[in-house]
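A.B. asks: my_file.txt (compact mmCIF, C-alpha atoms and all ligand atoms) pasted underneath:
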```txt
# COMPACT_ATOMS: atom_id res chain seq x y z
CA MET I 1063 32.01 1.93 -1.90
CA VAL I 1064 28.56 3.15 -2.84
CA LYS I 1065 26.29 3.46 0.18
CA LYS I 1066 22.81 2.23 -0.66
CA TYR I 1067 19.49 3.91 0.03
CA ILE I 1068 16.08 2.48 -0.78
CA MET I 1069 13.51 5.12 -1.63
CA THR I 1070 10.90 3.02 -3.38
CA PRO I 1071 7.21 2.71 -2.48
CA GLY I 1072 7.92 -0.80 -1.22
CA PRO I 1073 9.91 -2.49 -0.05
CA THR I 1074 10.74 0.36 2.31
CA PRO I 1075 13.72 0.84 4.67
CA ILE I 1076 13.64 -1.23 7.87
CA SER I 1077 14.72 0.18 11.23
CA GLU I 1078 17.51 -1.41 13.25
CA ASP I 1079 14.98 -2.35 15.96
CA VAL I 1080 12.91 -4.35 13.53
CA LEU I 1081 15.94 -5.99 11.93
CA VAL I 1082 17.14 -7.15 15.35
CA GLU I 1083 13.74 -8.77 16.00
CA HIS I 1084 13.85 -10.38 12.57
CA GLY I 1085 17.21 -11.94 13.46
CA ARG I 1086 16.04 -13.55 16.73
CA PRO I 1087 16.47 -17.34 17.01
CA LEU I 1088 13.48 -19.07 15.48
CA MET I 1089 10.63 -20.24 17.70
CA HIS I 1090 8.21 -23.00 16.73
CA HIS I 1091 4.93 -21.89 15.20
CA ARG I 1092 2.88 -24.20 17.43
CA SER I 1093 4.56 -22.97 20.64
CA PRO I 1094 2.73 -20.83 23.22
CA GLU I 1095 5.55 -18.29 22.84
CA PHE I 1096 4.74 -17.79 19.16
CA SER I 1097 0.95 -17.87 19.67
CA LYS I 1098 1.31 -14.95 22.07
CA ILE I 1099 3.26 -12.90 19.53
CA PHE I 1100 0.85 -13.90 16.77
CA SER I 1101 -2.14 -12.79 18.82
CA GLU I 1102 -0.46 -9.49 19.78
CA THR I 1103 0.45 -8.77 16.17
CA THR I 1104 -3.10 -9.48 15.01
CA ASP I 1105 -4.47 -7.11 17.67
CA LYS I 1106 -2.04 -4.39 16.63
CA LEU I 1107 -3.10 -4.76 13.00
CA LYS I 1108 -6.72 -4.34 14.11
CA LYS I 1109 -5.72 -1.14 15.88
CA LEU I 1110 -3.90 0.15 12.79
CA LEU I 1111 -6.85 -0.74 10.55
CA LYS I 1112 -9.35 0.63 13.09
CA THR I 1113 -11.50 -2.47 12.97
CA GLU I 1114 -13.30 -4.97 15.16
CA ASN I 1115 -13.39 -7.40 12.21
CA ASP I 1116 -11.32 -10.59 12.03
CA VAL I 1117 -7.80 -9.98 10.73
CA PHE I 1118 -5.77 -12.78 9.14
CA ILE I 1119 -2.03 -12.69 8.61
CA LEU I 1120 -1.00 -14.55 5.47
CA THR I 1121 2.47 -15.67 4.50
CA SER I 1122 2.56 -14.27 1.00
CA SER I 1123 3.16 -10.98 -0.72
CA GLY I 1124 0.29 -8.53 -1.12
CA THR I 1125 -0.86 -10.14 -4.35
CA GLY I 1126 -1.60 -13.34 -2.40
CA ALA I 1127 -3.97 -11.33 -0.21
CA MET I 1128 -5.65 -9.89 -3.32
CA GLU I 1129 -6.12 -13.46 -4.55
CA THR I 1130 -7.38 -14.51 -1.10
CA ALA I 1131 -10.02 -11.77 -1.09
CA ILE I 1132 -11.25 -12.72 -4.54
CA THR I 1133 -11.20 -16.52 -4.32
CA ASN I 1134 -12.88 -16.56 -0.90
CA SER I 1135 -15.60 -13.99 -1.55
CA PHE I 1136 -17.05 -14.96 -4.90
CA SER I 1137 -18.36 -17.83 -6.99
CA ILE I 1138 -17.53 -18.61 -10.59
CA GLY I 1139 -19.53 -16.35 -12.93
CA ASP I 1140 -20.17 -13.64 -10.31
CA LYS I 1141 -20.15 -10.07 -11.54
CA VAL I 1142 -17.66 -7.73 -9.89
CA LEU I 1143 -16.87 -4.06 -10.38
CA VAL I 1144 -13.18 -3.12 -10.47
CA VAL I 1145 -12.37 0.55 -10.03
CA ASN I 1146 -9.27 0.83 -12.16
CA ILE I 1147 -6.96 3.83 -11.81
CA GLY I 1148 -3.63 2.13 -12.53
CA ASN I 1149 -1.49 -0.98 -12.58
CA PHE I 1150 -2.90 -2.50 -9.38
CA GLY I 1151 -6.48 -1.98 -10.58
CA GLU I 1152 -5.38 -3.96 -13.65
CA ARG I 1153 -4.16 -6.68 -11.27
CA PHE I 1154 -7.59 -6.92 -9.58
CA LYS I 1155 -9.08 -7.36 -13.06
CA LYS I 1156 -6.58 -10.08 -14.04
CA ILE I 1157 -7.05 -12.12 -10.85
CA SER I 1158 -10.84 -11.82 -11.09
CA SER I 1159 -10.86 -12.98 -14.71
CA ILE I 1160 -8.51 -15.90 -14.05
CA PHE I 1161 -10.87 -17.19 -11.36
CA GLY I 1162 -13.89 -17.01 -13.67
CA LEU I 1163 -15.54 -13.77 -12.55
CA GLU I 1164 -17.28 -11.39 -14.93
CA VAL I 1165 -15.49 -8.07 -14.58
CA ILE I 1166 -17.05 -4.66 -15.10
CA SER I 1167 -14.12 -2.28 -15.32
CA LEU I 1168 -14.54 1.34 -14.31
CA ASP I 1169 -11.45 2.79 -15.97
CA TYR I 1170 -9.88 6.18 -15.43
CA GLU I 1171 -6.85 7.85 -16.96
CA TRP I 1172 -3.70 6.86 -15.06
CA GLY I 1173 -2.82 9.74 -12.76
CA GLU I 1174 -6.44 10.33 -11.74
CA ALA I 1175 -8.44 9.13 -8.74
CA ALA I 1176 -11.92 7.66 -9.23
CA ASP I 1177 -15.19 9.55 -8.84
CA PRO I 1178 -17.16 7.57 -6.20
CA GLU I 1179 -20.46 8.65 -7.76
CA ASP I 1180 -19.58 6.60 -10.87
CA ILE I 1181 -19.74 3.51 -8.64
CA ARG I 1182 -23.25 4.39 -7.53
CA LYS I 1183 -24.36 4.75 -11.16
CA ILE I 1184 -23.06 1.29 -12.04
CA LEU I 1185 -24.50 -0.36 -8.93
CA ASP I 1186 -27.90 1.17 -9.74
CA GLU I 1187 -27.78 -0.29 -13.25
CA GLU I 1188 -26.09 -3.60 -12.54
CA LYS I 1189 -28.11 -5.16 -9.73
CA ALA I 1190 -26.15 -8.44 -9.74
CA VAL I 1191 -22.75 -6.97 -8.79
CA LYS I 1192 -21.39 -9.03 -5.90
CA GLY I 1193 -18.30 -7.01 -5.11
CA VAL I 1194 -16.59 -3.67 -5.68
CA MET I 1195 -12.78 -3.54 -5.62
CA ALA I 1196 -10.57 -0.47 -5.46
CA GLN I 1197 -7.09 0.60 -4.46
CA PHE I 1198 -6.68 3.12 -1.64
CA SER I 1199 -3.25 4.35 -2.76
CA GLU I 1200 -2.58 3.37 -6.39
CA THR I 1201 1.17 2.90 -6.11
CA SER I 1202 1.79 2.94 -9.87
CA THR I 1203 0.61 6.55 -10.19
CA GLY I 1204 0.62 8.01 -6.67
CA ALA I 1205 -3.12 8.78 -6.77
CA LEU I 1206 -5.28 8.27 -3.67
CA ASN I 1207 -8.88 7.10 -3.98
CA ASP I 1208 -11.57 8.48 -1.69
CA VAL I 1209 -12.48 5.05 -0.30
CA MET I 1210 -14.41 6.66 2.54
CA ALA I 1211 -16.90 8.12 0.02
CA MET I 1212 -16.93 4.83 -1.90
CA GLY I 1213 -17.68 2.87 1.28
CA LYS I 1214 -20.63 5.12 2.09
CA ILE I 1215 -22.11 4.26 -1.30
CA VAL I 1216 -21.37 0.51 -1.47
CA LYS I 1217 -22.73 -0.20 2.02
CA ASP I 1218 -26.30 0.35 0.76
CA TYR I 1219 -25.98 -2.34 -1.93
CA PRO I 1220 -25.61 -6.13 -1.62
CA ALA I 1221 -22.03 -5.95 -2.97
CA ILE I 1222 -19.09 -6.21 -0.62
CA PHE I 1223 -16.38 -3.55 -0.75
CA ILE I 1224 -12.76 -4.75 -1.06
CA VAL I 1225 -9.97 -2.22 -0.68
CA ASP I 1226 -6.31 -2.81 -1.48
CA ALA I 1227 -4.64 -0.54 1.06
CA ILE I 1228 -1.22 -2.13 0.61
CA SER I 1229 0.71 1.08 -0.01
CA GLY I 1230 -1.63 3.53 1.69
CA LEU I 1231 -1.67 2.09 5.21
CA ALA I 1232 0.31 4.05 7.79
CA ALA I 1233 0.90 6.92 5.35
CA SER I 1234 -2.53 8.40 5.98
CA ASP I 1235 -5.54 7.65 8.12
CA PHE I 1236 -7.51 4.51 7.34
CA ASP I 1237 -10.75 3.70 9.15
CA THR I 1238 -11.98 0.25 8.12
CA ASP I 1239 -15.14 0.15 10.21
CA GLY I 1240 -15.93 3.86 10.03
CA TRP I 1241 -15.62 3.75 6.23
CA ASN I 1242 -17.67 0.51 5.83
CA ILE I 1243 -14.90 -1.51 4.19
CA ASP I 1244 -15.63 -5.24 4.13
CA ILE I 1245 -12.19 -6.52 3.18
CA VAL I 1246 -8.98 -4.56 3.62
CA ILE I 1247 -5.76 -5.87 2.12
CA GLY I 1248 -2.36 -4.89 3.52
CA GLY I 1249 1.27 -5.94 3.29
CA SER I 1250 4.31 -6.00 5.56
CA GLN I 1251 6.80 -4.24 3.31
CA LYS I 1252 5.27 -0.81 2.76
CA GLY I 1253 4.12 1.64 5.44
CA LEU I 1254 4.78 -0.89 8.21
CA SER I 1255 8.45 -1.10 7.19
CA ALA I 1256 8.78 -4.77 8.07
CA PRO I 1257 10.48 -7.34 5.85
CA THR I 1258 8.75 -8.55 2.70
CA GLY I 1259 6.67 -11.71 2.78
CA LEU I 1260 3.54 -11.08 4.83
CA ALA I 1261 0.12 -9.83 3.86
CA PHE I 1262 -3.08 -9.46 5.85
CA VAL I 1263 -6.80 -9.17 5.28
CA SER I 1264 -9.63 -7.96 7.50
CA ILE I 1265 -13.03 -9.56 6.97
CA SER I 1266 -16.40 -8.01 7.92
CA GLY I 1267 -19.61 -9.85 8.82
CA LYS I 1268 -21.04 -8.97 5.37
CA ALA I 1269 -17.93 -10.47 3.74
CA TRP I 1270 -18.23 -13.67 5.84
CA LYS I 1271 -21.73 -14.22 4.41
CA ALA I 1272 -20.21 -14.08 0.92
CA ILE I 1273 -17.37 -16.39 1.98
CA GLU I 1274 -19.86 -19.00 3.25
CA ILE I 1275 -21.29 -19.49 -0.26
CA SER I 1276 -18.15 -19.01 -2.37
CA ASP I 1277 -17.44 -21.92 -4.73
CA ILE I 1278 -14.06 -20.93 -6.20
CA SER I 1279 -11.34 -23.54 -5.50
CA LYS I 1280 -8.72 -22.58 -2.93
CA PHE I 1281 -6.54 -24.42 -0.49
CA TYR I 1282 -3.55 -22.48 0.83
CA PHE I 1283 -5.55 -19.24 0.96
CA ASP I 1284 -8.75 -20.74 2.45
CA LEU I 1285 -10.04 -18.22 5.00
CA LYS I 1286 -12.30 -20.80 6.67
CA ALA I 1287 -9.19 -22.82 7.53
CA ALA I 1288 -7.49 -19.64 8.70
CA LYS I 1289 -10.47 -18.80 10.91
CA ALA I 1290 -10.42 -22.23 12.58
CA SER I 1291 -6.71 -21.81 13.33
CA LEU I 1292 -7.08 -18.22 14.52
CA GLN I 1293 -9.19 -19.48 17.41
CA LYS I 1294 -5.99 -21.18 18.66
CA ASN I 1295 -3.89 -18.12 17.78
CA GLN I 1296 -2.27 -20.09 15.01
CA THR I 1297 -2.17 -20.29 11.24
CA PRO I 1298 -3.17 -23.40 9.27
CA TRP I 1299 0.26 -23.69 7.62
CA THR I 1300 3.77 -22.76 8.73
CA PRO I 1301 3.84 -18.95 8.72
CA GLY I 1302 6.74 -16.56 8.12
CA ILE I 1303 7.62 -16.71 11.81
CA SER I 1304 10.54 -14.29 11.78
CA ILE I 1305 8.65 -11.77 9.66
CA ILE I 1306 5.71 -11.85 12.08
CA VAL I 1307 8.09 -11.28 15.01
CA ALA I 1308 9.61 -8.36 13.10
CA MET I 1309 6.23 -6.91 12.05
CA ASN I 1310 5.07 -7.05 15.68
CA ARG I 1311 7.92 -4.69 16.57
CA ALA I 1312 7.35 -2.53 13.49
CA LEU I 1313 3.76 -1.98 14.62
CA ASP I 1314 4.98 -0.97 18.08
CA LEU I 1315 7.19 1.68 16.50
CA LEU I 1316 4.17 3.18 14.71
CA PHE I 1317 2.15 3.35 17.93
CA GLU I 1318 5.14 4.69 19.91
CA GLU I 1319 5.48 7.53 17.37
CA GLY I 1320 1.68 7.98 17.47
CA LEU I 1321 -0.44 7.40 14.37
CA GLU I 1322 -1.33 11.07 13.96
CA ASP I 1323 2.36 11.96 14.03
CA VAL I 1324 3.14 9.16 11.57
CA PHE I 1325 0.56 10.60 9.17
CA LYS I 1326 1.92 14.11 9.68
CA ARG I 1327 5.47 12.92 8.91
CA HIS I 1328 4.27 11.34 5.67
CA ARG I 1329 2.38 14.50 4.67
CA VAL I 1330 5.47 16.64 5.21
CA LEU I 1331 7.78 14.23 3.37
CA ALA I 1332 5.35 14.16 0.43
CA MET I 1333 5.07 17.96 0.43
CA ALA I 1334 8.86 18.39 0.43
CA THR I 1335 9.28 15.92 -2.44
CA ARG I 1336 6.64 17.73 -4.49
CA GLU I 1337 8.05 21.19 -3.83
CA ALA I 1338 11.51 19.90 -4.78
CA ALA I 1339 10.21 18.47 -8.06
CA GLY I 1340 8.52 21.77 -8.88
CA ALA I 1341 11.68 23.75 -8.12
CA LEU I 1342 13.55 21.55 -10.60
CA GLY I 1343 10.97 22.34 -13.28
CA LEU I 1344 9.54 18.81 -13.16
CA GLU I 1345 5.84 18.02 -13.51
CA LEU I 1346 3.93 15.77 -11.13
CA PHE I 1347 2.04 12.86 -12.67
CA VAL I 1348 -1.10 13.36 -10.54
CA ALA I 1349 -2.27 16.76 -11.74
CA ASP I 1350 -4.93 17.38 -9.09
CA PRO I 1351 -3.25 18.13 -5.73
CA GLY I 1352 -6.35 16.83 -3.91
CA GLN I 1353 -5.89 13.40 -5.50
CA ARG I 1354 -2.25 12.90 -4.49
CA GLY I 1355 -1.45 10.28 -1.86
CA PHE I 1356 1.28 10.51 0.75
CA SER I 1357 3.23 7.28 0.11
CA VAL I 1358 4.84 8.01 -3.21
CA THR I 1359 5.35 10.92 -5.59
CA ALA I 1360 5.23 10.18 -9.30
CA ILE I 1361 7.13 12.67 -11.46
CA LYS I 1362 7.00 12.90 -15.25
CA VAL I 1363 10.34 12.25 -16.93
CA PRO I 1364 11.26 15.42 -18.85
CA GLU I 1365 11.22 15.39 -22.64
CA GLY I 1366 14.45 13.99 -24.13
CA ILE I 1367 15.44 12.00 -21.03
CA ASP I 1368 15.29 8.22 -20.81
CA GLY I 1369 13.45 7.37 -17.58
CA LYS I 1370 15.04 3.93 -17.29
CA GLU I 1371 18.52 5.43 -17.65
CA LEU I 1372 17.66 8.02 -14.99
CA THR I 1373 16.70 5.39 -12.40
CA ARG I 1374 19.68 3.23 -13.42
CA ILE I 1375 22.20 6.05 -12.85
CA MET I 1376 20.61 6.96 -9.52
CA ARG I 1377 20.85 3.35 -8.39
CA VAL I 1378 24.24 2.33 -9.78
CA LYS I 1379 26.28 5.55 -9.61
CA TYR I 1380 24.73 7.18 -6.55
CA GLY I 1381 23.30 4.17 -4.67
CA VAL I 1382 19.77 5.58 -4.43
CA THR I 1383 17.04 3.22 -5.61
CA ILE I 1384 13.80 4.83 -6.66
CA ALA I 1385 11.07 3.25 -8.80
CA GLY I 1386 10.30 3.78 -12.45
CA GLY I 1387 6.94 3.63 -14.18
CA GLN I 1388 4.95 0.41 -14.45
CA GLY I 1389 2.85 -1.07 -17.24
CA LYS I 1390 1.98 1.38 -19.98
CA ILE I 1391 3.90 4.26 -18.37
CA THR I 1392 7.23 2.42 -18.07
CA GLY I 1393 10.05 4.90 -18.75
CA LYS I 1394 7.66 7.87 -18.63
CA ILE I 1395 7.62 8.58 -14.90
CA ILE I 1396 9.84 8.08 -11.88
CA ARG I 1397 8.43 7.37 -8.43
CA ILE I 1398 10.08 8.47 -5.20
CA GLY I 1399 8.80 6.53 -2.22
CA HIS I 1400 8.57 8.44 1.06
CA LEU I 1401 6.85 5.68 2.95
CA GLY I 1402 7.59 3.84 6.17
CA TYR I 1403 10.82 4.23 8.14
CA VAL I 1404 11.78 7.37 6.22
CA GLY I 1405 12.75 10.80 7.48
CA MET I 1406 13.50 14.22 6.07
CA PHE I 1407 17.16 13.48 5.31
CA ASP I 1408 16.19 10.47 3.23
CA VAL I 1409 14.14 12.80 1.05
CA ILE I 1410 17.05 15.27 0.87
CA THR I 1411 19.35 12.41 -0.18
CA ALA I 1412 16.95 11.24 -2.88
CA ILE I 1413 16.48 14.75 -4.24
CA SER I 1414 20.21 15.37 -4.21
CA ALA I 1415 20.84 12.13 -6.13
CA LEU I 1416 18.08 13.10 -8.56
CA GLU I 1417 19.70 16.49 -9.16
CA MET I 1418 23.13 14.93 -9.75
CA THR I 1419 21.63 12.40 -12.15
CA LEU I 1420 19.68 15.06 -14.04
CA ALA I 1421 22.93 17.03 -14.38
CA ASP I 1422 24.63 13.89 -15.77
CA LEU I 1423 21.83 13.69 -18.33
CA ASP I 1424 22.30 17.36 -19.35
CA TYR I 1425 18.91 18.48 -18.04
CA LYS I 1426 18.97 22.22 -17.39
CA PHE I 1427 18.05 23.39 -13.90
CA GLU I 1428 19.44 25.48 -11.07
CA THR I 1429 21.75 23.25 -9.05
CA GLY I 1430 20.49 22.84 -5.48
CA ALA I 1431 17.01 24.22 -6.22
CA GLY I 1432 15.33 20.94 -5.31
CA ILE I 1433 17.22 20.48 -2.05
CA THR I 1434 16.59 24.10 -1.07
CA ALA I 1435 12.86 23.74 -1.70
CA ALA I 1436 12.68 20.51 0.32
CA GLN I 1437 14.66 22.04 3.18
CA LYS I 1438 12.32 25.03 3.24
CA VAL I 1439 9.33 22.70 3.65
CA PHE I 1440 11.09 20.88 6.49
CA SER I 1441 12.02 24.14 8.25
CA GLU I 1442 8.47 25.44 8.01
CA ASN I 1443 6.74 22.15 8.83
CA ASN I 1444 9.17 20.37 11.09
CA TYR I 1445 7.37 17.19 12.03
CA LEU I 1446 9.92 16.69 14.80
CA ASP I 1447 8.48 19.70 16.66
CA GLN I 1448 5.63 17.76 18.21
C1 LIG J 1501 -1.37 -0.96 -4.23
C2 LIG J 1501 -0.64 -2.26 -4.36
N1 LIG J 1501 -1.36 -3.37 -4.56
C3 LIG J 1501 -0.77 -4.57 -4.68
C4 LIG J 1501 0.60 -4.70 -4.63
C5 LIG J 1501 1.20 -6.04 -4.80
O1 LIG J 1501 1.88 -6.40 -3.66
P1 LIG J 1501 3.07 -7.48 -3.71
O2 LIG J 1501 4.10 -6.95 -4.64
O3 LIG J 1501 3.49 -7.51 -2.28
O4 LIG J 1501 2.48 -8.75 -4.18
C6 LIG J 1501 1.39 -3.57 -4.45
C7 LIG J 1501 2.85 -3.67 -4.43
O5 LIG J 1501 3.56 -2.80 -4.90
C8 LIG J 1501 0.75 -2.33 -4.30
O6 LIG J 1501 1.47 -1.22 -4.11
```
Once you've parsed the file, please lay out its structure as structure tokens.
C.D. replies:
Amino acid sequence: MVKKYIMTPGPTPISEDVLVEHGRPLMHHRSPEFSKIFSETTDKLKKLLKTENDVFILTSSGTGAMETAITNSFSIGDKVLVVNIGNFGERFKKISSIFGLEVISLDYEWGEAADPEDIRKILDEEKAVKGVMAQFSETSTGALNDVMAMGKIVKDYPAIFIVDAISGLAASDFDTDGWNIDIVIGGSQKGLSAPTGLAFVSISGKAWKAIEISDISKFYFDLKAAKASLQKNQTPWTPGISIIVAMNRALDLLFEEGLEDVFKRHRVLAMATREAAGALGLELFVADPGQRGFSVTAIKVPEGIDGKELTRIMRVKYGVTIAGGQGKITGKIIRIGHLGYVGMFDVITAISALEMTLADLDYKFETGAGITAAQKVFSENNYLDQ
């Protein structure tokens, strides 16, 4: 028997509490019982996002919410600025192009965060830009964008600001209204640690004005239909009922722990993972410590080692699933997720499995150095001592 552990940056482990909710007998989506849960869940998402804006729960993965933001906010031929620091920036570009938008791409080296001032320069030159899109946490590299600084800039231009916070939410603070973010995109399967299959978007007044004049075709993801249904605490189409019930409980768990403590836990887990990597002589993919997010740590695969083989051995032989690199850095990095329902011993387990796998691959290091470094971080920064 190989016991299985999931240490990816999504999907993330799900607590027993949430799984029990997910397994409850199904209720009908037009029943008052479900409407109550739907309304509660929406309110809790608003609290997590720190927003008074409308929040819509969509039955789709996060990419569906990215498509929703784009198809509802723009018209064919509109110019948009995509801040591209990795694979999910590339996805914003692809969706925008497919729906007939003209994309200005602000590209950075993978492993770097964007410089918000570069956005100002482009918006000053390109007066017709209708929207700016950026990731908060770029999951493919582990870099974290300063979307607060970006929001301060974009608010003074006609463009709306769309932020994909799918993997950053609940790992560190996110203040939708305070940071002037018009559309925030989130998903159920990352920091919330609910089952896969739900996404959500928050929509500001400025974004609604853009939505009113959008001419891109949409049906399933039509936010005007969603808004009409929201008034009845319903969705236009049959939603992922069980996932919503589960996510409602998952949100409770975050508030019961306390958001500040949730963020602290993620900071400590990230710190321990990074110290462990360093103790094993491994290099982090995001070079600037100030640009590293708290959801996932990307580590360069050492010279002479096959990154795909490394993740395969960890998964098959030791039962620990971590993520590899995506897109153009496939095989070149590994990514350890420390996001959601994850604690210090999950990190210890992942580091231990990494050490055993590296030993299998004849990489030279001091056995136990990674675990010792992680344990030291946990002893000195015990997030349980609240
Ligand atoms: C930052 C980011 N954006 C978008 C997505 C796409 O979400 P999904 O796979 O749920 O469609 C992901 C998923 O990994 C992500 O991490």
A.B. asks: Using only C-alpha atoms and all ligand atoms, find each protein or nucleic acid residue lying at most 7 Å from ligand LIG 1501 (chain J); present the set as a ChimeraX atom specification.
C.D. replies: /I:1072,1123-1126,1150,1197,1199-1201,1226-1229,1249
A.B. asks: Once you have the residues from the selection above, write them out as an mmCIF file, keeping the file's coordinate frame, restricted to C-alpha atoms.
C.D. replies:
```
data_model
loop_
_atom_site.group_PDB
_atom_site.id
_atom_site.type_symbol
_atom_site.label_atom_id
_atom_site.label_comp_id
_atom_site.auth_asym_id
_atom_site.auth_seq_id
_atom_site.Cartn_x
_atom_site.Cartn_y
_atom_site.Cartn_z
ATOM 1 C CA GLY I 1072 7.920 -0.800 -1.220
ATOM 2 C CA SER I 1123 3.160 -10.980 -0.720
ATOM 3 C CA GLY I 1124 0.290 -8.530 -1.120
ATOM 4 C CA THR I 1125 -0.860 -10.140 -4.350
ATOM 5 C CA GLY I 1126 -1.600 -13.340 -2.400
ATOM 6 C CA PHE I 1150 -2.900 -2.500 -9.380
ATOM 7 C CA GLN I 1197 -7.090 0.600 -4.460
ATOM 8 C CA SER I 1199 -3.250 4.350 -2.760
ATOM 9 C CA GLU I 1200 -2.580 3.370 -6.390
ATOM 10 C CA THR I 1201 1.170 2.900 -6.110
ATOM 11 C CA ASP I 1226 -6.310 -2.810 -1.480
ATOM 12 C CA ALA I 1227 -4.640 -0.540 1.060
ATOM 13 C CA ILE I 1228 -1.220 -2.130 0.610
ATOM 14 C CA SER I 1229 0.710 1.080 -0.010
ATOM 15 C CA GLY I 1249 1.270 -5.940 3.290
#
```
A.B. asks: I'd like the neighbourhood of I:Phe1198 as a PyMOL selection string, where a residue qualifies if any of its atoms comes within 10 Å (using all atoms listed in the file), though same-chain residues fewer than 4 positions away should be ignored.
C.D. replies: chain I and resi 1175+1205-1210+1224-1231+1236+1246-1247+1355
A.B. asks: Could you give me, as CSV, every stretch 1114-1155 of chain I residue with an atom at most 12 Å from stretch 1079-1100 of chain I, plus its closest atom pair and distance in Å to one decimal, counting all atoms listed in the file, rows ordered by chain then number?
C.D. replies:
```
residue,atom,partner,partner_atom,distance
I:Val1117,CA,I:Phe1100,CA,11.3
I:Phe1118,CA,I:Phe1100,CA,10.2
I:Ile1119,CA,I:Phe1100,CA,8.7
I:Leu1120,CA,I:Phe1100,CA,11.5
```
A.B. asks: List the neighbours of I:Thr1373 out to 8 Å using only C-alpha atoms; skip same-chain residues closer than 2 positions along the sequence, and give me the result as a list of chain:residue names.
C.D. replies: I:Gly1369, I:Lys1370, I:Glu1371, I:Ile1375, I:Met1376, I:Arg1377, I:Thr1383, I:Ile1384, I:Ala1385, I:Gly1386, I:Ile1396
A.B. asks: What does the file look like for those residues with C-alpha atoms, as a compact mmCIF listing (two decimals), in the frame of the given file?
C.D. replies:
```
# COMPACT_ATOMS: atom_id res chain seq x y z
CA GLY I 1369 13.45 7.37 -17.58
CA LYS I 1370 15.04 3.93 -17.29
CA GLU I 1371 18.52 5.43 -17.65
CA ILE I 1375 22.20 6.05 -12.85
CA MET I 1376 20.61 6.96 -9.52
CA ARG I 1377 20.85 3.35 -8.39
CA THR I 1383 17.04 3.22 -5.61
CA ILE I 1384 13.80 4.83 -6.66
CA ALA I 1385 11.07 3.25 -8.80
CA GLY I 1386 10.30 3.78 -12.45
CA ILE I 1396 9.84 8.08 -11.88
```
A.B. asks: How many Å lie between atom CA of I:Lys1252 and atom CA of I:Gly1193, rounded to one decimal?
C.D. replies: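 The value is 25.6 Å.
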A.B. asks: Any idea what's packed within 10 Å of stretch 1404-1420 of chain I, counting all atoms listed in the file, ignoring anything in its chain fewer than 4 positions away? Could you give it as a count of residues only?
C.D. replies: 56
A.B. asks: Between atom CA of I:Arg1153 and atom CA of I:Met1128, what distance in Å does the model show, to one decimal?
C.D. replies: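 Between these atoms lies a distance of 8.7 Å.
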A.B. asks: Figure out the distance between atom CA of I:Lys1065 and atom CA of I:Ala1312, please, to one decimal in Å.
C.D. replies: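 Going from atom CA of I:Ala1312 over to atom CA of I:Lys1065, I get 23.9 Å.
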A.B. asks: Here is a test: counting all atoms listed in the file, which residue of I:Ile1245, I:Leu1315, I:Ile1305, I:Ile1181 is nearest to I:Asn1146?
C.D. replies: I:Ile1181
A.B. asks: Identify which of the residues I:Lys1286, I:Gly1151, I:Ile1138, I:Leu1107 lies closest to I:Gly1248, counting all atoms listed in the file when measuring atom-to-atom distances.
C.D. replies: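 Using all atoms listed in the file, I:Gly1248 sits closest to I:Leu1107.
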